[in-house]
Amino acid sequence: MANPIFSSLPMTVFEEMSGLARTLGAINLGQGFPEDAGPEAIRAKAADATLNGYNQYPPMAGLPGLRAAVAGHYARTQGLDLDPTSEITITSGATEALAAAFVGLIEPGDEVIVFQPLYDAYLPLIRRAGGVPKLVSLKPPHWRFDRAMLEAAFSERTKFLVLNNPNNPAGTVLPDEDLALLAELCVAHDVIAICDEVWEQVVFGAAKHRPLLAFPGMRERCVKIGSAGKMFGLTGWKVGFLCAAPELSHSLARAHQFLTFTTPPNLQTAVAWGLDNSQDWFRQMPRDLEASRDRLGAGLKREGFAVLPAQATYFLNLDLAASGIAEPDREFCLRSVKQAGVAAIPVSALYEEDVVRHIVRLCFSKRDATLDAAVERLAKARDLSVAGN
């Protein structure tokens, strides 16, 4: 018999829009992946490890060299002191890390605070683990929460909080005062925070990412999740990091062993080398992406679109209503991919309730020529939308 938690779910909006882009030959600014091939030296390490290295089961928790490299990277970049043997587990991507965290920690009936718009895997995974989501809605253009919103969400039933920072799709990086407020309430209510921090290296300008785990009282009650795919622009590699205090890590690893068990050793070897030898990449990659963000944003503004700020990630957002477009975001995105030849993501698909329907997410991790062509096509989509209304 089909499981109702999953069988009733629609296709993800990312697969829907990417599928339409493939079928129609449209430019894909929907799904978040770069056009660039990624760092050649790291890819060469993976190829060499495949041809000349070990290709059998690696340790369930990850290669010792990669676990040490993750600890070293976070010590250098975020000032964290993580024990690679007891506080780090390597997973087959960050989504698997999230699944391990939810399945390994949530008990049936536990209330889980989740901020929306959200990564669409959160809710089905939380519910499959028996959790009860408590949604907090963030709204454009600032996408901020405040004390009143949080105090209304926390209760004696709250056991977990899911935080995506830097945030996709908002492109925001939480300031210290917001993180301190979250830490204060998590400690006061004895809540564990599951922190999806996959965009931690993709931060622009003066913005600075700080992990919630580093705030007072959070060292023993925080799960930190990272992604090599996002760090190196190799989204298909699916190598994730689960970081938490030993007691939490034990539960996370027990869940991981029954999900994917382990992760390809050649990719682990290459990522370990990359974390230890890619300081130039980590400096230059955000600058290059920031230039792409600015190119796409400037082009869209010239065409009359209202563009929201983006401090991080591969994404910026269009405000349709402020751009003079009355059409809801999903209808605009379908018109855009089918009639103008460019795929985008309607942010309404990333809400479950109290839905915002006038924001469209665009991926800017593309070549200049792709971005320029996309601007022309989006202008055509706007004209078609205005004419149709």
# chains A, B, ... in the order shown; residues from 1 in each chain; ligands from 1

$ select_by_dssp --residues "stretch 35-105 of chain A" --states "helix (DSSP H, G or I)" --output "tab-separated table (two decimals) with C-alpha atoms, in the first residue's frame"
chain	number	residue	atom	x	y	z
A	40	GLU	CA	39.78	21.18	-11.88
A	41	ALA	CA	42.32	20.12	-9.27
A	42	ILE	CA	39.61	18.64	-7.05
A	43	ARG	CA	37.98	16.85	-9.97
A	44	ALA	CA	41.40	15.45	-10.94
A	45	LYS	CA	41.85	14.13	-7.39
A	46	ALA	CA	38.52	12.31	-7.65
A	47	ALA	CA	39.51	10.78	-10.99
A	48	ASP	CA	42.88	9.68	-9.65
A	49	ALA	CA	41.29	8.21	-6.54
A	50	THR	CA	38.89	6.24	-8.73
A	51	LEU	CA	41.64	4.83	-10.94
A	52	ASN	CA	44.35	4.31	-8.36
A	64	PRO	CA	39.27	9.67	8.68
A	65	GLY	CA	41.12	12.04	6.37
A	66	LEU	CA	37.91	13.78	5.31
A	67	ARG	CA	36.59	14.03	8.86
A	68	ALA	CA	39.87	15.64	9.90
A	69	ALA	CA	39.74	17.99	6.91
A	70	VAL	CA	36.19	19.08	7.81
A	71	ALA	CA	37.28	19.81	11.37
A	72	GLY	CA	40.29	21.75	10.09
A	73	HIS	CA	38.22	23.76	7.63
A	74	TYR	CA	35.69	24.82	10.26
A	75	ALA	CA	38.47	25.67	12.72
A	76	ARG	CA	40.09	27.99	10.15
A	77	THR	CA	36.96	29.58	8.75
A	78	GLN	CA	34.52	29.65	11.69
A	94	ALA	CA	23.20	17.47	2.84
A	95	THR	CA	19.69	16.17	2.20
A	96	GLU	CA	20.75	12.79	3.53
A	97	ALA	CA	22.28	14.60	6.50
A	98	LEU	CA	18.92	16.29	7.12
A	99	ALA	CA	17.13	12.94	6.86
A	100	ALA	CA	19.55	11.39	9.34
A	101	ALA	CA	19.02	14.28	11.74
A	102	PHE	CA	15.23	14.09	11.52
A	103	VAL	CA	14.99	10.30	11.67
A	104	GLY	CA	17.72	9.96	14.27
A	105	LEU	CA	16.44	12.59	16.69

$ residues_around --residues "stretch 113-125 of chain A" --least-positions-apart "3" --cutoff "8 Å" --atoms "only C-alpha atoms" --output "PyMOL selection string"
chain A and resi 5-6+12+95+98-99+102-103+128-129+133-138+153-154+158+160-164+168-170+347-348+350-352

$ residues_around --residues "A:Leu174" --least-positions-apart "5" --cutoff "9 Å" --atoms "only C-alpha atoms" --output "PyMOL selection string"
chain A and resi 144+165-167+179+207-210

$ residues_around --residues "stretch 373-384 of chain A" --least-positions-apart "5" --cutoff "10 Å" --atoms "only C-alpha atoms" --output "mmCIF file with N, CA, C and O atoms, in the first residue's frame"
data_model
loop_
_atom_site.group_PDB
_atom_site.id
_atom_site.type_symbol
_atom_site.label_atom_id
_atom_site.label_comp_id
_atom_site.auth_asym_id
_atom_site.auth_seq_id
_atom_site.Cartn_x
_atom_site.Cartn_y
_atom_site.Cartn_z
ATOM 1 N N ALA A 26 14.733 25.515 -22.798
ATOM 2 C CA ALA A 26 14.767 26.830 -22.162
ATOM 3 C C ALA A 26 16.040 27.003 -21.339
ATOM 4 O O ALA A 26 16.675 26.027 -20.922
ATOM 5 N N ILE A 27 16.415 28.238 -21.090
ATOM 6 C CA ILE A 27 17.488 28.543 -20.138
ATOM 7 C C ILE A 27 16.986 28.195 -18.743
ATOM 8 O O ILE A 27 15.890 28.589 -18.351
ATOM 9 N N ASN A 28 17.809 27.467 -17.998
ATOM 10 C CA ASN A 28 17.369 27.009 -16.675
ATOM 11 C C ASN A 28 17.983 27.880 -15.576
ATOM 12 O O ASN A 28 19.115 27.658 -15.164
ATOM 13 N N LEU A 29 17.223 28.877 -15.116
ATOM 14 C CA LEU A 29 17.599 29.638 -13.930
ATOM 15 C C LEU A 29 16.773 29.192 -12.728
ATOM 16 O O LEU A 29 16.682 29.897 -11.724
ATOM 17 N N ARG A 295 25.496 41.309 -12.285
ATOM 18 C CA ARG A 295 25.210 41.395 -13.727
ATOM 19 C C ARG A 295 23.735 41.089 -13.998
ATOM 20 O O ARG A 295 23.064 41.824 -14.723
ATOM 21 N N LEU A 296 23.247 40.001 -13.390
ATOM 22 C CA LEU A 296 21.847 39.653 -13.602
ATOM 23 C C LEU A 296 20.932 40.722 -13.004
ATOM 24 O O LEU A 296 19.965 41.152 -13.637
ATOM 25 N N GLY A 297 21.246 41.169 -11.776
ATOM 26 C CA GLY A 297 20.402 42.166 -11.132
ATOM 27 C C GLY A 297 20.343 43.469 -11.913
ATOM 28 O O GLY A 297 19.264 44.057 -12.079
ATOM 29 N N ALA A 298 21.506 43.919 -12.408
ATOM 30 C CA ALA A 298 21.522 45.178 -13.173
ATOM 31 C C ALA A 298 20.724 45.047 -14.462
ATOM 32 O O ALA A 298 19.985 45.966 -14.852
ATOM 33 N N GLY A 299 20.865 43.915 -15.144
ATOM 34 C CA GLY A 299 20.116 43.709 -16.378
ATOM 35 C C GLY A 299 18.620 43.702 -16.142
ATOM 36 O O GLY A 299 17.850 44.311 -16.908
ATOM 37 N N LEU A 300 18.197 43.047 -15.074
ATOM 38 C CA LEU A 300 16.769 42.990 -14.766
ATOM 39 C C LEU A 300 16.227 44.362 -14.378
ATOM 40 O O LEU A 300 15.116 44.738 -14.762
ATOM 41 N N LYS A 301 17.015 45.121 -13.625
ATOM 42 C CA LYS A 301 16.570 46.473 -13.251
ATOM 43 C C LYS A 301 16.419 47.364 -14.482
ATOM 44 O O LYS A 301 15.489 48.164 -14.565
ATOM 45 N N ARG A 302 17.335 47.203 -15.450
ATOM 46 C CA ARG A 302 17.210 47.991 -16.688
ATOM 47 C C ARG A 302 15.916 47.671 -17.412
ATOM 48 O O ARG A 302 15.352 48.517 -18.113
ATOM 49 N N GLU A 303 15.448 46.445 -17.262
ATOM 50 C CA GLU A 303 14.207 46.029 -17.926
ATOM 51 C C GLU A 303 12.960 46.332 -17.086
ATOM 52 O O GLU A 303 11.865 45.922 -17.453
ATOM 53 N N GLY A 304 13.146 47.002 -15.951
ATOM 54 C CA GLY A 304 12.002 47.424 -15.163
ATOM 55 C C GLY A 304 11.584 46.484 -14.059
ATOM 56 O O GLY A 304 10.532 46.688 -13.438
ATOM 57 N N PHE A 305 12.389 45.464 -13.766
ATOM 58 C CA PHE A 305 12.060 44.537 -12.685
ATOM 59 C C PHE A 305 12.535 45.097 -11.343
ATOM 60 O O PHE A 305 13.591 45.746 -11.259
ATOM 61 N N LEU A 320 7.392 40.523 -8.248
ATOM 62 C CA LEU A 320 6.511 40.747 -9.396
ATOM 63 C C LEU A 320 5.593 41.936 -9.168
ATOM 64 O O LEU A 320 5.410 42.767 -10.059
ATOM 65 N N SER A 323 7.182 45.067 -9.613
ATOM 66 C CA SER A 323 7.597 45.227 -11.012
ATOM 67 C C SER A 323 6.425 45.549 -11.927
ATOM 68 O O SER A 323 6.596 45.608 -13.153
ATOM 69 N N GLY A 324 5.246 45.718 -11.352
ATOM 70 C CA GLY A 324 4.057 46.022 -12.149
ATOM 71 C C GLY A 324 3.415 44.805 -12.768
ATOM 72 O O GLY A 324 2.632 44.933 -13.730
ATOM 73 N N ILE A 325 3.710 43.622 -12.233
ATOM 74 C CA ILE A 325 3.159 42.371 -12.774
ATOM 75 C C ILE A 325 2.139 41.833 -11.784
ATOM 76 O O ILE A 325 2.481 41.483 -10.647
ATOM 77 N N GLU A 327 0.316 39.103 -12.215
ATOM 78 C CA GLU A 327 0.204 37.648 -12.317
ATOM 79 C C GLU A 327 0.873 36.971 -11.120
ATOM 80 O O GLU A 327 1.975 37.358 -10.716
ATOM 81 N N PHE A 332 3.350 33.168 -13.680
ATOM 82 C CA PHE A 332 4.418 33.878 -14.384
ATOM 83 C C PHE A 332 5.541 32.922 -14.766
ATOM 84 O O PHE A 332 6.071 32.985 -15.887
ATOM 85 N N CYS A 333 5.925 32.018 -13.862
ATOM 86 C CA CYS A 333 7.017 31.089 -14.152
ATOM 87 C C CYS A 333 6.645 30.110 -15.262
ATOM 88 O O CYS A 333 7.477 29.781 -16.120
ATOM 89 N N LEU A 334 5.407 29.645 -15.283
ATOM 90 C CA LEU A 334 4.976 28.757 -16.357
ATOM 91 C C LEU A 334 4.948 29.500 -17.690
ATOM 92 O O LEU A 334 5.362 28.964 -18.730
ATOM 93 N N ARG A 335 4.476 30.727 -17.685
ATOM 94 C CA ARG A 335 4.486 31.528 -18.905
ATOM 95 C C ARG A 335 5.928 31.767 -19.360
ATOM 96 O O ARG A 335 6.251 31.697 -20.549
ATOM 97 N N SER A 336 6.792 32.050 -18.397
ATOM 98 C CA SER A 336 8.185 32.359 -18.713
ATOM 99 C C SER A 336 8.891 31.184 -19.374
ATOM 100 O O SER A 336 9.585 31.350 -20.386
ATOM 101 N N VAL A 337 8.709 29.976 -18.832
ATOM 102 C CA VAL A 337 9.418 28.828 -19.405
ATOM 103 C C VAL A 337 8.782 28.382 -20.721
ATOM 104 O O VAL A 337 9.486 27.999 -21.668
ATOM 105 N N LYS A 338 7.465 28.457 -20.812
ATOM 106 C CA LYS A 338 6.784 27.944 -22.004
ATOM 107 C C LYS A 338 6.762 28.936 -23.163
ATOM 108 O O LYS A 338 6.875 28.540 -24.332
ATOM 109 N N GLN A 339 6.639 30.223 -22.866
ATOM 110 C CA GLN A 339 6.485 31.216 -23.928
ATOM 111 C C GLN A 339 7.725 32.071 -24.156
ATOM 112 O O GLN A 339 7.909 32.614 -25.248
ATOM 113 N N ALA A 340 8.569 32.195 -23.131
ATOM 114 C CA ALA A 340 9.744 33.056 -23.279
ATOM 115 C C ALA A 340 11.058 32.280 -23.225
ATOM 116 O O ALA A 340 12.102 32.819 -23.570
ATOM 117 N N GLY A 341 11.014 31.034 -22.753
ATOM 118 C CA GLY A 341 12.206 30.200 -22.811
ATOM 119 C C GLY A 341 13.194 30.379 -21.686
ATOM 120 O O GLY A 341 14.403 30.225 -21.876
ATOM 121 N N VAL A 342 12.702 30.662 -20.474
ATOM 122 C CA VAL A 342 13.592 30.712 -19.314
ATOM 123 C C VAL A 342 12.837 30.179 -18.090
ATOM 124 O O VAL A 342 11.696 30.575 -17.824
ATOM 125 N N ALA A 343 13.479 29.253 -17.379
ATOM 126 C CA ALA A 343 12.851 28.629 -16.216
ATOM 127 C C ALA A 343 13.253 29.352 -14.938
ATOM 128 O O ALA A 343 14.414 29.738 -14.767
ATOM 129 N N ALA A 344 12.301 29.528 -14.036
ATOM 130 C CA ALA A 344 12.524 30.147 -12.733
ATOM 131 C C ALA A 344 11.699 29.384 -11.702
ATOM 132 O O ALA A 344 10.931 28.475 -12.052
ATOM 133 N N LEU A 362 15.591 33.312 -9.034
ATOM 134 C CA LEU A 362 16.436 33.091 -10.209
ATOM 135 C C LEU A 362 17.833 32.686 -9.765
ATOM 136 O O LEU A 362 18.385 33.262 -8.820
ATOM 137 N N PHE A 364 21.766 32.696 -10.421
ATOM 138 C CA PHE A 364 22.718 33.507 -11.186
ATOM 139 C C PHE A 364 24.095 32.859 -11.322
ATOM 140 O O PHE A 364 25.028 33.496 -11.823
ATOM 141 N N ASP A 368 28.108 34.645 -18.256
ATOM 142 C CA ASP A 368 27.564 35.965 -18.592
ATOM 143 C C ASP A 368 26.593 35.897 -19.764
ATOM 144 O O ASP A 368 25.532 36.542 -19.738
ATOM 145 N N ASN A 389 -2.822 40.423 -18.910
ATOM 146 C CA ASN A 389 -3.669 40.913 -17.824
ATOM 147 C C ASN A 389 -4.354 42.222 -18.194
ATOM 148 O O ASN A 389 -4.906 42.887 -17.382
#

$ closest_residue --among "A:Gln201, A:Thr370, A:Asn317, A:Ser155" --to "A:Phe232" --atoms "only C-alpha atoms"
A:Gln201

$ residues_around --residues "A:Leu248" --least-positions-apart "6" --cutoff "10 Å" --atoms "only C-alpha atoms" --output "MDAnalysis selection string"
chainID A and resid 86:87 101 104:105 192 220:223

$ write_last_selection --atoms "C-alpha atoms" --output "compact mmCIF listing (two decimals), in the first residue's frame"
# COMPACT_ATOMS: atom_id res chain seq x y z
CA SER A 86 33.32 11.79 17.65
CA GLU A 87 31.59 14.89 16.26
CA ALA A 101 19.02 14.28 11.74
CA GLY A 104 17.72 9.96 14.27
CA LEU A 105 16.44 12.59 16.69
CA ILE A 192 17.81 21.25 19.64
CA GLU A 220 25.58 20.60 23.00
CA ARG A 221 22.23 21.31 21.35
CA CYS A 222 23.08 22.08 17.75
CA VAL A 223 23.44 19.95 14.61

$ select_by_dssp --residues "stretch 94-329 of chain A" --states "strand (DSSP E or B)" --output "JSON, numbers by chain"
{"A": [111, 112, 113, 114, 115, 116, 132, 133, 134, 135, 136, 137, 158, 159, 160, 161, 162, 163, 164, 192, 193, 194, 195, 196, 203, 222, 223, 224, 225, 226, 227, 240, 241, 242, 243, 306, 307, 312, 315, 316, 317, 318, 319]}

$ residues_around --residues "A:Glu184" --least-positions-apart "4" --cutoff "12 Å" --atoms "only C-alpha atoms" --output "PyMOL selection string"
chain A and resi 147+150-151+154+177-180+188-193+212+215-218+221

$ residues_around --residues "A:Gly93" --least-positions-apart "4" --cutoff "12 Å" --atoms "only C-alpha atoms" --output "short mmCIF file (atom, residue, chain, number, x, y, z; two decimals) with C-alpha atoms, in the first residue's frame"
data_model
loop_
_atom_site.label_atom_id
_atom_site.label_comp_id
_atom_site.auth_asym_id
_atom_site.auth_seq_id
_atom_site.Cartn_x
_atom_site.Cartn_y
_atom_site.Cartn_z
CA THR A 89 29.83 12.16 10.18
CA ALA A 97 22.28 14.60 6.50
CA LEU A 98 18.92 16.29 7.12
CA ALA A 99 17.13 12.94 6.86
CA ALA A 100 19.55 11.39 9.34
CA ASP A 196 21.20 23.67 7.37
CA VAL A 198 25.11 24.49 3.12
CA ILE A 225 25.07 20.50 8.30
CA GLY A 226 27.46 21.43 5.49
CA SER A 227 27.82 20.51 1.82
CA ALA A 228 30.93 19.99 -0.28
CA GLY A 229 28.76 20.28 -3.37
CA LYS A 230 27.85 23.87 -2.49
CA MET A 231 31.35 24.75 -1.28
CA LEU A 234 29.99 20.41 -7.61
CA THR A 235 26.33 19.91 -6.81
CA GLY A 236 26.17 16.38 -8.21
CA TRP A 237 28.81 15.01 -5.87
CA LYS A 238 26.47 14.76 -2.86
CA VAL A 239 29.02 14.83 -0.04
CA GLY A 240 27.62 16.27 3.19
CA PHE A 241 28.89 16.91 6.71
CA LEU A 242 27.00 16.27 9.95
CA HIS A 256 22.97 7.43 8.65
CA LEU A 259 20.06 5.43 5.01
CA THR A 260 23.03 5.39 2.61
CA THR A 262 28.45 5.49 3.33
CA THR A 263 29.60 7.86 0.56
CA PRO A 264 31.83 7.18 -2.51
CA LEU A 267 34.68 11.82 -3.74
CA GLN A 268 35.57 11.80 -0.05
#

$ atom_distance --atom1 "atom CA of A:Glu290" --atom2 "atom CA of A:Phe33"
15.1 Å

$ atom_distance --atom1 "atom CA of A:Glu156" --atom2 "atom CA of A:Gly130"
17.3 Å

$ closest_residue --among "A:Ser278, A:Ser365, A:Ser385, A:Asn266" --to "A:Glu331" --atoms "only C-alpha atoms"
A:Ser385

$ decode --residues "stretch 355-366 of chain A" --atoms "all heavy atoms" --output "JSON list (two decimals), in the first residue's frame"
[["chain", "number", "residue", "atom", "x", "y", "z"],
["A", 355, "VAL", "N", 0.78, 31.90, 2.30],
["A", 355, "VAL", "CA", 1.66, 31.84, 1.14],
["A", 355, "VAL", "C", 1.91, 33.21, 0.53],
["A", 355, "VAL", "O", 0.98, 34.01, 0.36],
["A", 355, "VAL", "CB", 1.06, 30.88, 0.08],
["A", 355, "VAL", "CG1", 1.96, 30.82, -1.15],
["A", 355, "VAL", "CG2", 0.88, 29.49, 0.68],
["A", 356, "VAL", "N", 3.16, 33.47, 0.18],
["A", 356, "VAL", "CA", 3.56, 34.66, -0.58],
["A", 356, "VAL", "C", 3.57, 34.28, -2.05],
["A", 356, "VAL", "O", 4.23, 33.32, -2.45],
["A", 356, "VAL", "CB", 4.95, 35.15, -0.13],
["A", 356, "VAL", "CG1", 5.47, 36.25, -1.06],
["A", 356, "VAL", "CG2", 4.90, 35.64, 1.31],
["A", 357, "ARG", "N", 2.88, 35.05, -2.90],
["A", 357, "ARG", "CA", 2.67, 34.63, -4.29],
["A", 357, "ARG", "C", 3.21, 35.65, -5.31],
["A", 357, "ARG", "O", 2.79, 35.62, -6.46],
["A", 357, "ARG", "CB", 1.19, 34.39, -4.56],
["A", 357, "ARG", "CG", 0.58, 33.30, -3.69],
["A", 357, "ARG", "CD", -0.82, 32.92, -4.11],
["A", 357, "ARG", "NE", -1.43, 31.99, -3.20],
["A", 357, "ARG", "CZ", -1.23, 30.67, -3.21],
["A", 357, "ARG", "NH1", -0.43, 30.14, -4.12],
["A", 357, "ARG", "NH2", -1.82, 29.89, -2.33],
["A", 358, "HIS", "N", 4.13, 36.51, -4.90],
["A", 358, "HIS", "CA", 4.60, 37.51, -5.86],
["A", 358, "HIS", "C", 6.13, 37.55, -5.99],
["A", 358, "HIS", "O", 6.69, 38.51, -6.50],
["A", 358, "HIS", "CB", 4.09, 38.90, -5.48],
["A", 358, "HIS", "CG", 4.57, 39.40, -4.15],
["A", 358, "HIS", "ND1", 3.99, 39.01, -2.97],
["A", 358, "HIS", "CD2", 5.57, 40.25, -3.80],
["A", 358, "HIS", "CE1", 4.61, 39.59, -1.96],
["A", 358, "HIS", "NE2", 5.59, 40.35, -2.45],
["A", 359, "ILE", "N", 6.81, 36.48, -5.55],
["A", 359, "ILE", "CA", 8.27, 36.44, -5.58],
["A", 359, "ILE", "C", 8.73, 35.29, -6.48],
["A", 359, "ILE", "O", 8.24, 34.16, -6.37],
["A", 359, "ILE", "CB", 8.87, 36.27, -4.18],
["A", 359, "ILE", "CG1", 8.38, 37.38, -3.24],
["A", 359, "ILE", "CG2", 10.40, 36.26, -4.24],
["A", 359, "ILE", "CD1", 8.82, 38.78, -3.63],
["A", 360, "VAL", "N", 9.69, 35.58, -7.35],
["A", 360, "VAL", "CA", 10.26, 34.58, -8.26],
["A", 360, "VAL", "C", 11.76, 34.49, -8.00],
["A", 360, "VAL", "O", 12.47, 35.51, -7.97],
["A", 360, "VAL", "CB", 10.01, 34.97, -9.73],
["A", 360, "VAL", "CG1", 10.82, 34.10, -10.69],
["A", 360, "VAL", "CG2", 8.52, 34.85, -10.05],
["A", 361, "ARG", "N", 12.26, 33.25, -7.83],
["A", 361, "ARG", "CA", 13.68, 33.02, -7.57],
["A", 361, "ARG", "C", 14.42, 32.68, -8.85],
["A", 361, "ARG", "O", 13.97, 31.85, -9.64],
["A", 361, "ARG", "CB", 13.86, 31.87, -6.58],
["A", 361, "ARG", "CG", 15.24, 31.74, -6.00],
["A", 361, "ARG", "CD", 15.47, 30.39, -5.34],
["A", 361, "ARG", "NE", 15.72, 29.35, -6.35],
["A", 361, "ARG", "CZ", 16.12, 28.11, -6.06],
["A", 361, "ARG", "NH1", 16.31, 27.75, -4.80],
["A", 361, "ARG", "NH2", 16.34, 27.23, -7.01],
["A", 362, "LEU", "N", 15.59, 33.31, -9.03],
["A", 362, "LEU", "CA", 16.44, 33.09, -10.21],
["A", 362, "LEU", "C", 17.83, 32.69, -9.77],
["A", 362, "LEU", "O", 18.38, 33.26, -8.82],
["A", 362, "LEU", "CB", 16.53, 34.36, -11.05],
["A", 362, "LEU", "CG", 15.22, 34.95, -11.55],
["A", 362, "LEU", "CD1", 15.44, 36.34, -12.13],
["A", 362, "LEU", "CD2", 14.57, 34.03, -12.58],
["A", 363, "CYS", "N", 18.43, 31.73, -10.45],
["A", 363, "CYS", "CA", 19.79, 31.29, -10.17],
["A", 363, "CYS", "C", 20.76, 32.08, -11.05],
["A", 363, "CYS", "O", 20.62, 32.10, -12.27],
["A", 363, "CYS", "CB", 19.92, 29.79, -10.45],
["A", 363, "CYS", "SG", 21.60, 29.17, -10.25],
["A", 364, "PHE", "N", 21.77, 32.70, -10.42],
["A", 364, "PHE", "CA", 22.72, 33.51, -11.19],
["A", 364, "PHE", "C", 24.10, 32.86, -11.32],
["A", 364, "PHE", "O", 25.03, 33.50, -11.82],
["A", 364, "PHE", "CB", 22.87, 34.91, -10.58],
["A", 364, "PHE", "CG", 23.24, 34.94, -9.12],
["A", 364, "PHE", "CD1", 24.54, 34.65, -8.70],
["A", 364, "PHE", "CD2", 22.30, 35.28, -8.16],
["A", 364, "PHE", "CE1", 24.88, 34.69, -7.37],
["A", 364, "PHE", "CE2", 22.63, 35.34, -6.81],
["A", 364, "PHE", "CZ", 23.93, 35.04, -6.42],
["A", 365, "SER", "N", 24.25, 31.59, -10.92],
["A", 365, "SER", "CA", 25.56, 30.93, -11.03],
["A", 365, "SER", "C", 25.75, 30.39, -12.45],
["A", 365, "SER", "O", 25.96, 29.20, -12.67],
["A", 365, "SER", "CB", 25.70, 29.82, -10.00],
["A", 365, "SER", "OG", 24.68, 28.84, -10.18],
["A", 366, "LYS", "N", 25.67, 31.32, -13.42],
["A", 366, "LYS", "CA", 25.73, 30.97, -14.83],
["A", 366, "LYS", "C", 26.73, 31.87, -15.55],
["A", 366, "LYS", "O", 27.16, 32.89, -15.03],
["A", 366, "LYS", "CB", 24.34, 31.12, -15.48],
["A", 366, "LYS", "CG", 23.20, 30.41, -14.75],
["A", 366, "LYS", "CD", 23.35, 28.91, -14.74],
["A", 366, "LYS", "CE", 22.17, 28.23, -14.02],
["A", 366, "LYS", "NZ", 22.33, 26.77, -13.94]]
